[in-house]
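Q: I'd like to ask some things about the structure below.
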Amino acid sequence: MTDPTTIVTNFVREFDAEAPDGDRIAAYFTDDAVYKNIPVEPSVTGAAAIGKAMGAMAAQGMKSKGWEILNQVASGNVVMNERVDRFLLGEKSVAVRVCGVFEIRDGKIAAWRDYFDLFEFQNQMK
C-alpha cells in the first residue's frame with residue numbers, strides 16, 4: 001500500500017495539467033469521500049462527483065498552471081500541506097495560497113479540505 005504522503009503528492013501533481021482528467025482525479029478518492037473548499041459552498045461528496053468537479057475546471061474557463069507544495073507533513077493517515085495553487089482564469093493569472101488537509105483511508109483520499117483566503121483570491125480577479 002502506498003503511504004499517505006505519496007498519495008497526496010501524486011494527487012497534487014495531477015494539477016500540473018492545464019485540464020486535469022476527472023477520471024484520474026476520481027481514482028484517488030474513496031466512494032464516500034468529501035471535498036470541502038472551506039470558504040466556498042457546498043461540499044462535494046463522492047469520488048465521481050469530485051472527479052467531475054475537478055475535471056470541469058477548464059469548461060468553466062479555469063486552467064491549472066500547477067500546484068506547488070511548499071511544506072508537507074503527515075501524522076498517521078492525515079497529510080497537511082501548504083501550497084500555492086496557480087490558475088489562469090480567462091487572461092488573469094491567479095496564485096492562491098492554500099492549506100490542504102487530506103485524510104487517507106485504505107490507500108485513497110476519504111476527506112479533503114482546502115483552506116484559503118477568499119478575499120485574496122477575489123482581489124486577484126479585479
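Letters A, B, ... mark the chains of the C-alpha cells in the order given; residue numbers begin at 1 per chain; ligand numbers begin at 1, in order shown.
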Apply DSSP to the backbone of this structure and, from range 18-103 of chain A, keep only the residues in strand (DSSP E); write these as a PDB file with N, CA and C atoms, in the first residue's frame.

A:
ATOM      1  N   PHE A  29      -9.893   8.916  -4.786  1.00  0.00           N
ATOM      2  CA  PHE A  29     -10.843   9.084  -3.689  1.00  0.00           C
ATOM      3  C   PHE A  29     -11.638   7.826  -3.380  1.00  0.00           C
ATOM      4  N   THR A  30     -12.039   7.712  -2.113  1.00  0.00           N
ATOM      5  CA  THR A  30     -12.976   6.660  -1.721  1.00  0.00           C
ATOM      6  C   THR A  30     -14.350   7.015  -2.282  1.00  0.00           C
ATOM      7  N   ASP A  31     -15.209   6.028  -2.387  1.00  0.00           N
ATOM      8  CA  ASP A  31     -16.556   6.270  -2.932  1.00  0.00           C
ATOM      9  C   ASP A  31     -17.350   7.283  -2.115  1.00  0.00           C
ATOM     10  N   ASP A  32     -17.081   7.357  -0.807  1.00  0.00           N
ATOM     11  CA  ASP A  32     -17.822   8.276   0.065  1.00  0.00           C
ATOM     12  C   ASP A  32     -17.019   9.516   0.454  1.00  0.00           C
ATOM     13  N   ALA A  33     -15.968   9.810  -0.276  1.00  0.00           N
ATOM     14  CA  ALA A  33     -15.089  10.939   0.045  1.00  0.00           C
ATOM     15  C   ALA A  33     -15.858  12.257   0.044  1.00  0.00           C
ATOM     16  N   VAL A  34     -15.345  13.199   0.829  1.00  0.00           N
ATOM     17  CA  VAL A  34     -15.924  14.541   0.888  1.00  0.00           C
ATOM     18  C   VAL A  34     -14.816  15.551   0.625  1.00  0.00           C
ATOM     19  N   TYR A  35     -15.088  16.479  -0.306  1.00  0.00           N
ATOM     20  CA  TYR A  35     -14.183  17.598  -0.599  1.00  0.00           C
ATOM     21  C   TYR A  35     -14.859  18.878  -0.155  1.00  0.00           C
ATOM     22  N   LYS A  36     -14.167  19.644   0.650  1.00  0.00           N
ATOM     23  CA  LYS A  36     -14.699  20.923   1.128  1.00  0.00           C
ATOM     24  C   LYS A  36     -13.677  22.011   0.863  1.00  0.00           C
ATOM     25  N   ASN A  37     -14.066  22.964   0.036  1.00  0.00           N
ATOM     26  CA  ASN A  37     -13.282  24.159  -0.230  1.00  0.00           C
ATOM     27  C   ASN A  37     -13.809  25.181   0.774  1.00  0.00           C
ATOM     28  N   VAL A  44     -18.477  18.759  -1.863  1.00  0.00           N
ATOM     29  CA  VAL A  44     -18.698  17.796  -2.941  1.00  0.00           C
ATOM     30  C   VAL A  44     -18.479  16.412  -2.333  1.00  0.00           C
ATOM     31  N   THR A  45     -19.442  15.510  -2.547  1.00  0.00           N
ATOM     32  CA  THR A  45     -19.377  14.189  -1.932  1.00  0.00           C
ATOM     33  C   THR A  45     -19.339  13.106  -2.995  1.00  0.00           C
ATOM     34  N   MET A  62     -11.272  27.908 -16.311  1.00  0.00           N
ATOM     35  CA  MET A  62     -10.145  27.864 -15.382  1.00  0.00           C
ATOM     36  C   MET A  62      -9.156  26.802 -15.840  1.00  0.00           C
ATOM     37  N   LYS A  63      -7.931  27.223 -16.107  1.00  0.00           N
ATOM     38  CA  LYS A  63      -6.877  26.287 -16.490  1.00  0.00           C
ATOM     39  C   LYS A  63      -5.853  26.217 -15.367  1.00  0.00           C
ATOM     40  N   SER A  64      -5.480  25.003 -15.017  1.00  0.00           N
ATOM     41  CA  SER A  64      -4.474  24.822 -13.982  1.00  0.00           C
ATOM     42  C   SER A  64      -3.097  25.164 -14.534  1.00  0.00           C
ATOM     43  N   LYS A  65      -2.317  25.825 -13.701  1.00  0.00           N
ATOM     44  CA  LYS A  65      -0.932  26.135 -14.039  1.00  0.00           C
ATOM     45  C   LYS A  65       0.025  25.528 -13.021  1.00  0.00           C
ATOM     46  N   GLY A  66      -0.468  24.457 -12.383  1.00  0.00           N
ATOM     47  CA  GLY A  66       0.362  23.712 -11.439  1.00  0.00           C
ATOM     48  C   GLY A  66       0.145  24.140 -10.001  1.00  0.00           C
ATOM     49  N   TRP A  67       0.237  23.168  -9.131  1.00  0.00           N
ATOM     50  CA  TRP A  67       0.137  23.402  -7.701  1.00  0.00           C
ATOM     51  C   TRP A  67       1.494  23.077  -7.097  1.00  0.00           C
ATOM     52  N   GLU A  68       2.039  24.009  -6.346  1.00  0.00           N
ATOM     53  CA  GLU A  68       3.367  23.856  -5.758  1.00  0.00           C
ATOM     54  C   GLU A  68       3.243  23.602  -4.256  1.00  0.00           C
ATOM     55  N   ILE A  69       3.746  22.461  -3.814  1.00  0.00           N
ATOM     56  CA  ILE A  69       3.777  22.155  -2.386  1.00  0.00           C
ATOM     57  C   ILE A  69       4.990  22.853  -1.783  1.00  0.00           C
ATOM     58  N   LEU A  70       4.733  23.718  -0.803  1.00  0.00           N
ATOM     59  CA  LEU A  70       5.813  24.420  -0.114  1.00  0.00           C
ATOM     60  C   LEU A  70       6.285  23.632   1.098  1.00  0.00           C
ATOM     61  N   ASN A  71       5.332  23.108   1.853  1.00  0.00           N
ATOM     62  CA  ASN A  71       5.609  22.305   3.038  1.00  0.00           C
ATOM     63  C   ASN A  71       4.550  21.224   3.133  1.00  0.00           C
ATOM     64  N   GLN A  72       4.961  20.063   3.626  1.00  0.00           N
ATOM     65  CA  GLN A  72       4.003  18.979   3.779  1.00  0.00           C
ATOM     66  C   GLN A  72       4.409  18.123   4.973  1.00  0.00           C
ATOM     67  N   VAL A  73       3.421  17.795   5.809  1.00  0.00           N
ATOM     68  CA  VAL A  73       3.666  16.949   6.975  1.00  0.00           C
ATOM     69  C   VAL A  73       2.579  15.896   7.058  1.00  0.00           C
ATOM     70  N   ALA A  74       2.909  14.793   7.703  1.00  0.00           N
ATOM     71  CA  ALA A  74       1.931  13.725   7.870  1.00  0.00           C
ATOM     72  C   ALA A  74       1.995  13.203   9.299  1.00  0.00           C
ATOM     73  N   SER A  75       0.845  12.811   9.786  1.00  0.00           N
ATOM     74  CA  SER A  75       0.735  12.146  11.068  1.00  0.00           C
ATOM     75  C   SER A  75      -0.278  11.029  10.874  1.00  0.00           C
ATOM     76  N   VAL A  78      -3.241  11.288   8.192  1.00  0.00           N
ATOM     77  CA  VAL A  78      -3.574  12.679   7.876  1.00  0.00           C
ATOM     78  C   VAL A  78      -2.343  13.363   7.292  1.00  0.00           C
ATOM     79  N   VAL A  79      -2.546  14.005   6.147  1.00  0.00           N
ATOM     80  CA  VAL A  79      -1.472  14.753   5.486  1.00  0.00           C
ATOM     81  C   VAL A  79      -1.932  16.197   5.367  1.00  0.00           C
ATOM     82  N   MET A  80      -1.066  17.116   5.744  1.00  0.00           N
ATOM     83  CA  MET A  80      -1.358  18.538   5.603  1.00  0.00           C
ATOM     84  C   MET A  80      -0.273  19.166   4.741  1.00  0.00           C
ATOM     85  N   ASN A  81      -0.710  20.033   3.822  1.00  0.00           N
ATOM     86  CA  ASN A  81       0.297  20.739   3.047  1.00  0.00           C
ATOM     87  C   ASN A  81      -0.047  22.210   2.902  1.00  0.00           C
ATOM     88  N   GLU A  82       1.009  22.977   2.749  1.00  0.00           N
ATOM     89  CA  GLU A  82       0.923  24.394   2.411  1.00  0.00           C
ATOM     90  C   GLU A  82       1.321  24.464   0.950  1.00  0.00           C
ATOM     91  N   ARG A  83       0.429  25.054   0.130  1.00  0.00           N
ATOM     92  CA  ARG A  83       0.653  25.051  -1.313  1.00  0.00           C
ATOM     93  C   ARG A  83       0.399  26.430  -1.894  1.00  0.00           C
ATOM     94  N   VAL A  84       0.851  26.575  -3.128  1.00  0.00           N
ATOM     95  CA  VAL A  84       0.417  27.673  -3.974  1.00  0.00           C
ATOM     96  C   VAL A  84      -0.231  27.021  -5.186  1.00  0.00           C
ATOM     97  N   ASP A  85      -1.531  27.270  -5.348  1.00  0.00           N
ATOM     98  CA  ASP A  85      -2.292  26.739  -6.484  1.00  0.00           C
ATOM     99  C   ASP A  85      -2.367  27.842  -7.529  1.00  0.00           C
ATOM    100  N   ARG A  86      -1.885  27.536  -8.723  1.00  0.00           N
ATOM    101  CA  ARG A  86      -1.865  28.534  -9.791  1.00  0.00           C
ATOM    102  C   ARG A  86      -2.880  28.175 -10.868  1.00  0.00           C
ATOM    103  N   PHE A  87      -3.601  29.210 -11.322  1.00  0.00           N
ATOM    104  CA  PHE A  87      -4.623  29.051 -12.347  1.00  0.00           C
ATOM    105  C   PHE A  87      -4.556  30.195 -13.331  1.00  0.00           C
ATOM    106  N   LEU A  88      -5.106  29.962 -14.479  1.00  0.00           N
ATOM    107  CA  LEU A  88      -5.359  31.006 -15.461  1.00  0.00           C
ATOM    108  C   LEU A  88      -6.870  31.064 -15.607  1.00  0.00           C
ATOM    109  N   LEU A  89      -7.456  32.208 -15.249  1.00  0.00           N
ATOM    110  CA  LEU A  89      -8.894  32.425 -15.378  1.00  0.00           C
ATOM    111  C   LEU A  89      -9.092  33.480 -16.460  1.00  0.00           C
ATOM    112  N   LYS A  92      -6.431  36.239 -16.697  1.00  0.00           N
ATOM    113  CA  LYS A  92      -5.879  36.583 -15.390  1.00  0.00           C
ATOM    114  C   LYS A  92      -5.129  35.397 -14.790  1.00  0.00           C
ATOM    115  N   SER A  93      -3.901  35.657 -14.384  1.00  0.00           N
ATOM    116  CA  SER A  93      -3.132  34.655 -13.652  1.00  0.00           C
ATOM    117  C   SER A  93      -3.453  34.805 -12.170  1.00  0.00           C
ATOM    118  N   VAL A  94      -3.754  33.693 -11.546  1.00  0.00           N
ATOM    119  CA  VAL A  94      -4.128  33.693 -10.136  1.00  0.00           C
ATOM    120  C   VAL A  94      -3.227  32.708  -9.406  1.00  0.00           C
ATOM    121  N   ALA A  95      -2.707  33.139  -8.266  1.00  0.00           N
ATOM    122  CA  ALA A  95      -1.926  32.263  -7.393  1.00  0.00           C
ATOM    123  C   ALA A  95      -2.561  32.329  -6.012  1.00  0.00           C
ATOM    124  N   VAL A  96      -3.049  31.207  -5.544  1.00  0.00           N
ATOM    125  CA  VAL A  96      -3.766  31.154  -4.277  1.00  0.00           C
ATOM    126  C   VAL A  96      -2.944  30.355  -3.278  1.00  0.00           C
ATOM    127  N   ARG A  97      -2.710  30.963  -2.119  1.00  0.00           N
ATOM    128  CA  ARG A  97      -2.035  30.248  -1.036  1.00  0.00           C
ATOM    129  C   ARG A  97      -3.069  29.399  -0.326  1.00  0.00           C
ATOM    130  N   VAL A  98      -2.761  28.110  -0.187  1.00  0.00           N
ATOM    131  CA  VAL A  98      -3.735  27.144   0.318  1.00  0.00           C
ATOM    132  C   VAL A  98      -3.094  26.272   1.393  1.00  0.00           C
ATOM    133  N   CYS A  99      -3.894  25.917   2.396  1.00  0.00           N
ATOM    134  CA  CYS A  99      -3.526  24.866   3.335  1.00  0.00           C
ATOM    135  C   CYS A  99      -4.500  23.724   3.085  1.00  0.00           C
ATOM    136  N   GLY A 100      -3.989  22.580   2.717  1.00  0.00           N
ATOM    137  CA  GLY A 100      -4.832  21.426   2.428  1.00  0.00           C
ATOM    138  C   GLY A 100      -4.692  20.365   3.505  1.00  0.00           C
ATOM    139  N   VAL A 101      -5.809  19.768   3.861  1.00  0.00           N
ATOM    140  CA  VAL A 101      -5.827  18.678   4.837  1.00  0.00           C
ATOM    141  C   VAL A 101      -6.467  17.470   4.151  1.00  0.00           C
ATOM    142  N   PHE A 102      -5.764  16.364   4.168  1.00  0.00           N
ATOM    143  CA  PHE A 102      -6.207  15.144   3.497  1.00  0.00           C
ATOM    144  C   PHE A 102      -6.241  14.003   4.505  1.00  0.00           C
ATOM    145  N   GLU A 103      -7.359  13.292   4.545  1.00  0.00           N
ATOM    146  CA  GLU A 103      -7.472  12.100   5.381  1.00  0.00           C
ATOM    147  C   GLU A 103      -7.479  10.892   4.454  1.00  0.00           C
TER     148      GLU A 103
END

Q: Determine which residues of chain A receive a DSSP assignment of alpha helix (DSSP H), computed from the backbone, and state them as number ranges by chain.

A: A: 4-13, 22-26, 47-55, 118-124

Q: What is the CA of Gly46 in chain A to CA of Ala111 in chain A distance in Å?

A: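 CA of Gly46 in chain A sits 9.9 Å away from CA of Ala111 in chain A.
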
Q: Within 10 Å of Thr2 in chain A, counting only C-alpha atoms, which residues qualify if same-chain residues fewer than 5 places away don't, as a PyMOL selection string?

A: chain A and resi 7+106-108

Q: Mind giving me the straight-line distance from CA of Gln124 in chain A to CA of Ala49 in chain A in Å, one decimal?

A: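 It comes out at 27.8 Å.
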
Q: Find the residues around Ala48 in chain A up to 8 Å (only C-alpha atoms counted), leave out those fewer than 4 positions away in its own chain, and share them as a list in words.

A: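 Once the nearby chain positions are removed, what remains is Asp23, Ala26, Asp31 and Lys52 of chain A.
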
Q: Save out the residues we just selected, C-alpha atoms, as a tab-separated table (two decimals), in the first residue's frame.

A:
chain	number	residue	atom	x	y	z
A	23	ASP	CA	-11.48	10.11	-14.07
A	26	ALA	CA	-11.72	10.39	-9.05
A	31	ASP	CA	-16.56	6.27	-2.93
A	52	LYS	CA	-16.34	15.68	-12.27

Q: My list of candidates is A:Tyr28, A:Val40, A:Met57, A:Ile50. Which is closest to Thr6 in chain A when distances are computed with only C-alpha atoms?

A: A:Tyr28

Q: Record the distance separating CA of Gly22 in chain A and CA of Met54 in chain A, expressed in Å with one decimal.

A: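 Taking CA of Gly22 in chain A as the start and CA of Met54 in chain A as the end point, the length is 6.0 Å.
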
Q: Go through A:Ile38, A:Ala59, A:Val8, A:Ala47 and flag the residue nearest Arg24 in chain A, using only C-alpha atoms for the distances.

A: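 Counting only C-alpha atoms, the residue closest to Arg24 in chain A is A:Ala47.
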